[in-house]
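Everything on this sheet refers to the single structure shown next.
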Amino acid sequence: MAAPDVTIYEVGPRDGLQNEPETVPTAAKLELIQRLGLAGLRRIEATSFVSPRWIPQLADAADLAGILPALPDVVYSALVPNPKGYERFREAGGIQVAACFISASETHNRKNVNCSVDEQIERIRPVAERCREDRVPLRSYVSTVCGCPYEGAVSLDAVVALVAKLLALGIEEISLGDTIGVGHPGQVRELVAAVAAETSLERIALHMHDTYGRALANVQSGYEAGVRIFDTSLGGLGGCPYAPGASGNVATEDVVDLFERAGIETGVDLDALVDTTAWLERAVLQRPLPGRVYRARLGAREHARGRESA
C-alpha cells in the first residue's frame, strides 16, 4: 500500500481526554485507540507521563501503555515532561515515540510549567540525551506560535530561534501550535517559510486550534507552504487549560475531508472515523462534540435512513 500524501497525527486520546472533567476509564481509552487505528490513523498520541497530580485524567498512562494493541504500521507516542516522566515512559513500554513541550511566549510557559523558556530547554535537554542513547524518537510541541493569551502577539523571530534551539537538542519532529487559535493563513505561510530556512519541512507539523473558525484555512495554508504533518483530534475534542477561552483542536474528520475532497490521500476511512467519534460522544463522554464534518456526516446518514423508511 502506498504511503498517504499527508500524515494525520491523532492527539485526541491525550490532548483531548486530558481536558475532560471526568476521567475516562482505561478500557474505554483502549477501545478508542483501537478504533482509531482500525480507521487508518497511523500516528496516535496515546497518553501522557505528566504527574498524575497535574493531570489525573491520564494517571493510568503506564497501565494503558502496557495493553495498547499492536496494529500494522501504527506508531504510538506519549507526552514526557521531564527525566522522571521519561523513566516512567521507558518502564511502561509499548510506546515508540516520546514528546516534550515548550511555549514560544515566556508568560504562557511560566503558566504551563512554572519556569522560563530557557529553563524549559534545560529540562528537555536530559530527556533528549536519554532519547538519543535509547534510540527513541523525540517530538516537541511548541505552543503559542501565533499568539499568546497573556502577551498577545508573539515574535516570529522568537519562534524561529526556539525551533533552532530544539533542533540543536536533537529533536526529530517539531509541532508548531496555534494554542489559542488566533492565527490566520498569511501568518501561517510566513511562519512555515521562516521555519523552512532552519530545517526540512519533513520535520515540521502544524497543530491548529479553531477558536476563530480559521483552523481549516490555516491547515490548507500550511499544506500549500509545504507542511505534510497535521495534528488533529477526533470530533474537535480538547483545548488548552492554560489558555482561557481557547476552543478545541481542529477536528480530524474536518481535516481528512478537506484533503480527500482535494484528491490528497490521508489513508483514513472517514466513515469508520465518524463511527468512532459517534461512539465516543454517546457511549463515553455523553456530550456533543463540535466537529463540523462529523455532525454533517451523521446528519446525512439519518436523512438517508429517514428516506429509506418512508
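Quick note on naming: the chains in the C-alpha cells go A, B, ... in the order shown, residues restart at 1 in each chain, and ligands are numbered from 1 in order of appearance.
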What's around Val74 in chain A at 12 Å? Count only C-alpha atoms, leave out sequence neighbours fewer than 5 positions away in its own chain, and write the answer as a PyMOL selection string. chain A and resi 7-10+33-46+68-69+94-97+267
List as a PDB file with N, CA and C atoms, in the first residue's frame the protein and nucleic acid residues near range 146-151 of chain A, meaning an atom at most 8 Å away when only C-alpha atoms are counted, but skip any in the same chain fewer than 4 places from it.
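See part-v3.pdb below for the written result:
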```
ATOM      1  N   SER A 105       6.136  31.779  24.074  1.00  0.00           N
ATOM      2  CA  SER A 105       5.998  33.003  24.873  1.00  0.00           C
ATOM      3  C   SER A 105       6.338  32.702  26.329  1.00  0.00           C
ATOM      4  N   THR A 107       5.344  34.072  29.231  1.00  0.00           N
ATOM      5  CA  THR A 107       4.278  34.017  30.227  1.00  0.00           C
ATOM      6  C   THR A 107       3.494  32.715  30.140  1.00  0.00           C
ATOM      7  N   HIS A 108       3.169  32.278  28.930  1.00  0.00           N
ATOM      8  CA  HIS A 108       2.452  31.013  28.777  1.00  0.00           C
ATOM      9  C   HIS A 108       3.294  29.863  29.292  1.00  0.00           C
ATOM     10  N   GLY A 177       2.253  24.953  17.364  1.00  0.00           N
ATOM     11  CA  GLY A 177       0.880  25.024  17.820  1.00  0.00           C
ATOM     12  C   GLY A 177       0.316  26.430  17.924  1.00  0.00           C
ATOM     13  N   ASP A 178      -0.838  26.630  17.263  1.00  0.00           N
ATOM     14  CA  ASP A 178      -1.605  27.865  17.441  1.00  0.00           C
ATOM     15  C   ASP A 178      -2.565  27.604  18.608  1.00  0.00           C
ATOM     16  N   THR A 179      -2.047  27.684  19.802  1.00  0.00           N
ATOM     17  CA  THR A 179      -2.712  27.217  21.007  1.00  0.00           C
ATOM     18  C   THR A 179      -4.066  27.870  21.246  1.00  0.00           C
ATOM     19  N   ILE A 180      -4.191  29.143  20.929  1.00  0.00           N
ATOM     20  CA  ILE A 180      -5.451  29.842  21.187  1.00  0.00           C
ATOM     21  C   ILE A 180      -6.195  30.178  19.898  1.00  0.00           C
ATOM     22  N   GLY A 181      -5.728  29.649  18.780  1.00  0.00           N
ATOM     23  CA  GLY A 181      -6.481  29.743  17.533  1.00  0.00           C
ATOM     24  C   GLY A 181      -6.616  31.120  16.938  1.00  0.00           C
ATOM     25  N   VAL A 182      -5.599  31.970  17.134  1.00  0.00           N
ATOM     26  CA  VAL A 182      -5.678  33.340  16.611  1.00  0.00           C
ATOM     27  C   VAL A 182      -4.981  33.498  15.265  1.00  0.00           C
ATOM     28  N   GLY A 183      -4.291  32.467  14.817  1.00  0.00           N
ATOM     29  CA  GLY A 183      -3.535  32.571  13.570  1.00  0.00           C
ATOM     30  C   GLY A 183      -4.432  32.725  12.353  1.00  0.00           C
ATOM     31  N   GLN A 187      -0.289  34.519   8.119  1.00  0.00           N
ATOM     32  CA  GLN A 187       0.658  34.330   9.222  1.00  0.00           C
ATOM     33  C   GLN A 187       1.254  32.925   9.192  1.00  0.00           C
ATOM     34  N   VAL A 188       0.419  31.932   8.901  1.00  0.00           N
ATOM     35  CA  VAL A 188       0.896  30.552   8.840  1.00  0.00           C
ATOM     36  C   VAL A 188       1.910  30.385   7.706  1.00  0.00           C
ATOM     37  N   ALA A 243      -5.048  28.312  28.483  1.00  0.00           N
ATOM     38  CA  ALA A 243      -5.350  29.372  27.518  1.00  0.00           C
ATOM     39  C   ALA A 243      -6.824  29.716  27.626  1.00  0.00           C
ATOM     40  N   PRO A 244      -7.191  30.649  28.488  1.00  0.00           N
ATOM     41  CA  PRO A 244      -8.602  30.980  28.721  1.00  0.00           C
ATOM     42  C   PRO A 244      -9.340  31.315  27.428  1.00  0.00           C
TER      43      PRO A 244
END
```
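Comparing A:Val80, A:Ser175, A:Tyr141, A:Ala197 by their smallest distance to Asn109 in chain A, the closest is A:Tyr141 (using only C-alpha atoms).
Taking CA of His207 in chain A and CA of Phe230 in chain A as endpoints, the distance between them is 6.2 Å.
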Residues within 10 Å of Ala78 in chain A, only C-alpha atoms, excluding chain neighbours under 6 positions, as an NGL selection string: :A and (11 or 13-14 or 44-50 or 61 or 65 or 86 or 89 or 95-100 or 138-139)
Non-local contacts of Ile229 in chain A (12 Å; only C-alpha atoms; under 2 positions in same chain excluded) as a ChimeraX atom specification: /A:4-10,42-43,173-176,201-208,219-220,222-223,225-227,231-232,255,266
Keeping C-alpha atoms, export the residues of the selection given above as a tab-separated table (two decimals), in the first residue's frame.
```
chain	number	residue	atom	x	y	z
A	4	PRO	CA	-0.57	8.67	2.08
A	5	ASP	CA	0.14	12.16	0.79
A	6	VAL	CA	-0.19	13.69	4.27
A	7	THR	CA	0.18	12.38	7.83
A	8	ILE	CA	-2.72	12.90	10.21
A	9	TYR	CA	-1.35	12.84	13.76
A	10	GLU	CA	-4.22	11.99	16.10
A	42	ARG	CA	-1.11	5.60	11.82
A	43	ARG	CA	0.23	8.07	14.39
A	173	GLU	CA	9.97	16.47	14.83
A	174	ILE	CA	8.56	19.84	15.91
A	175	SER	CA	4.84	20.56	16.08
A	176	LEU	CA	4.02	24.27	15.84
A	201	LEU	CA	9.62	20.69	6.48
A	202	GLU	CA	9.54	16.89	6.74
A	203	ARG	CA	10.32	17.53	10.43
A	204	ILE	CA	7.58	20.12	10.95
A	205	ALA	CA	3.94	19.59	11.92
A	206	LEU	CA	1.12	22.07	12.46
A	207	HIS	CA	-1.22	21.92	15.47
A	208	MET	CA	-4.16	24.25	14.85
A	219	VAL	CA	-4.21	23.79	7.62
A	220	GLN	CA	-4.74	24.49	3.91
A	222	GLY	CA	0.30	25.14	5.81
A	223	TYR	CA	-0.11	22.43	3.19
A	225	ALA	CA	3.53	26.14	2.12
A	226	GLY	CA	4.94	22.60	2.23
A	227	VAL	CA	3.90	21.05	5.57
A	231	ASP	CA	-2.13	17.29	14.40
A	232	THR	CA	-5.87	16.73	14.79
A	255	VAL	CA	-9.06	17.79	8.02
A	266	THR	CA	-4.81	10.65	4.11
```
Using DSSP on the backbone coordinates, identify all residues within range 84-274 of chain A classified as strand (DSSP E or B); present the result as a VMD selection string. chain A and resid 97 to 103 138 to 143 148 152 173 to 178 204 to 209 229 to 233 249 251
Please list as a PyMOL selection string every residue within 9 Å of Leu166 in chain A, counting only C-alpha atoms and excluding residues in the same chain fewer than 4 positions away. chain A and resi 121+124+140+161-162+170-172+174
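Taking CA of Cys115 in chain A and CA of Lys165 in chain A as the two end points, the separation is 16.8 Å.
Here CA of Glu281 in chain A stands at a distance of 19.1 Å from CA of Asp210 in chain A.
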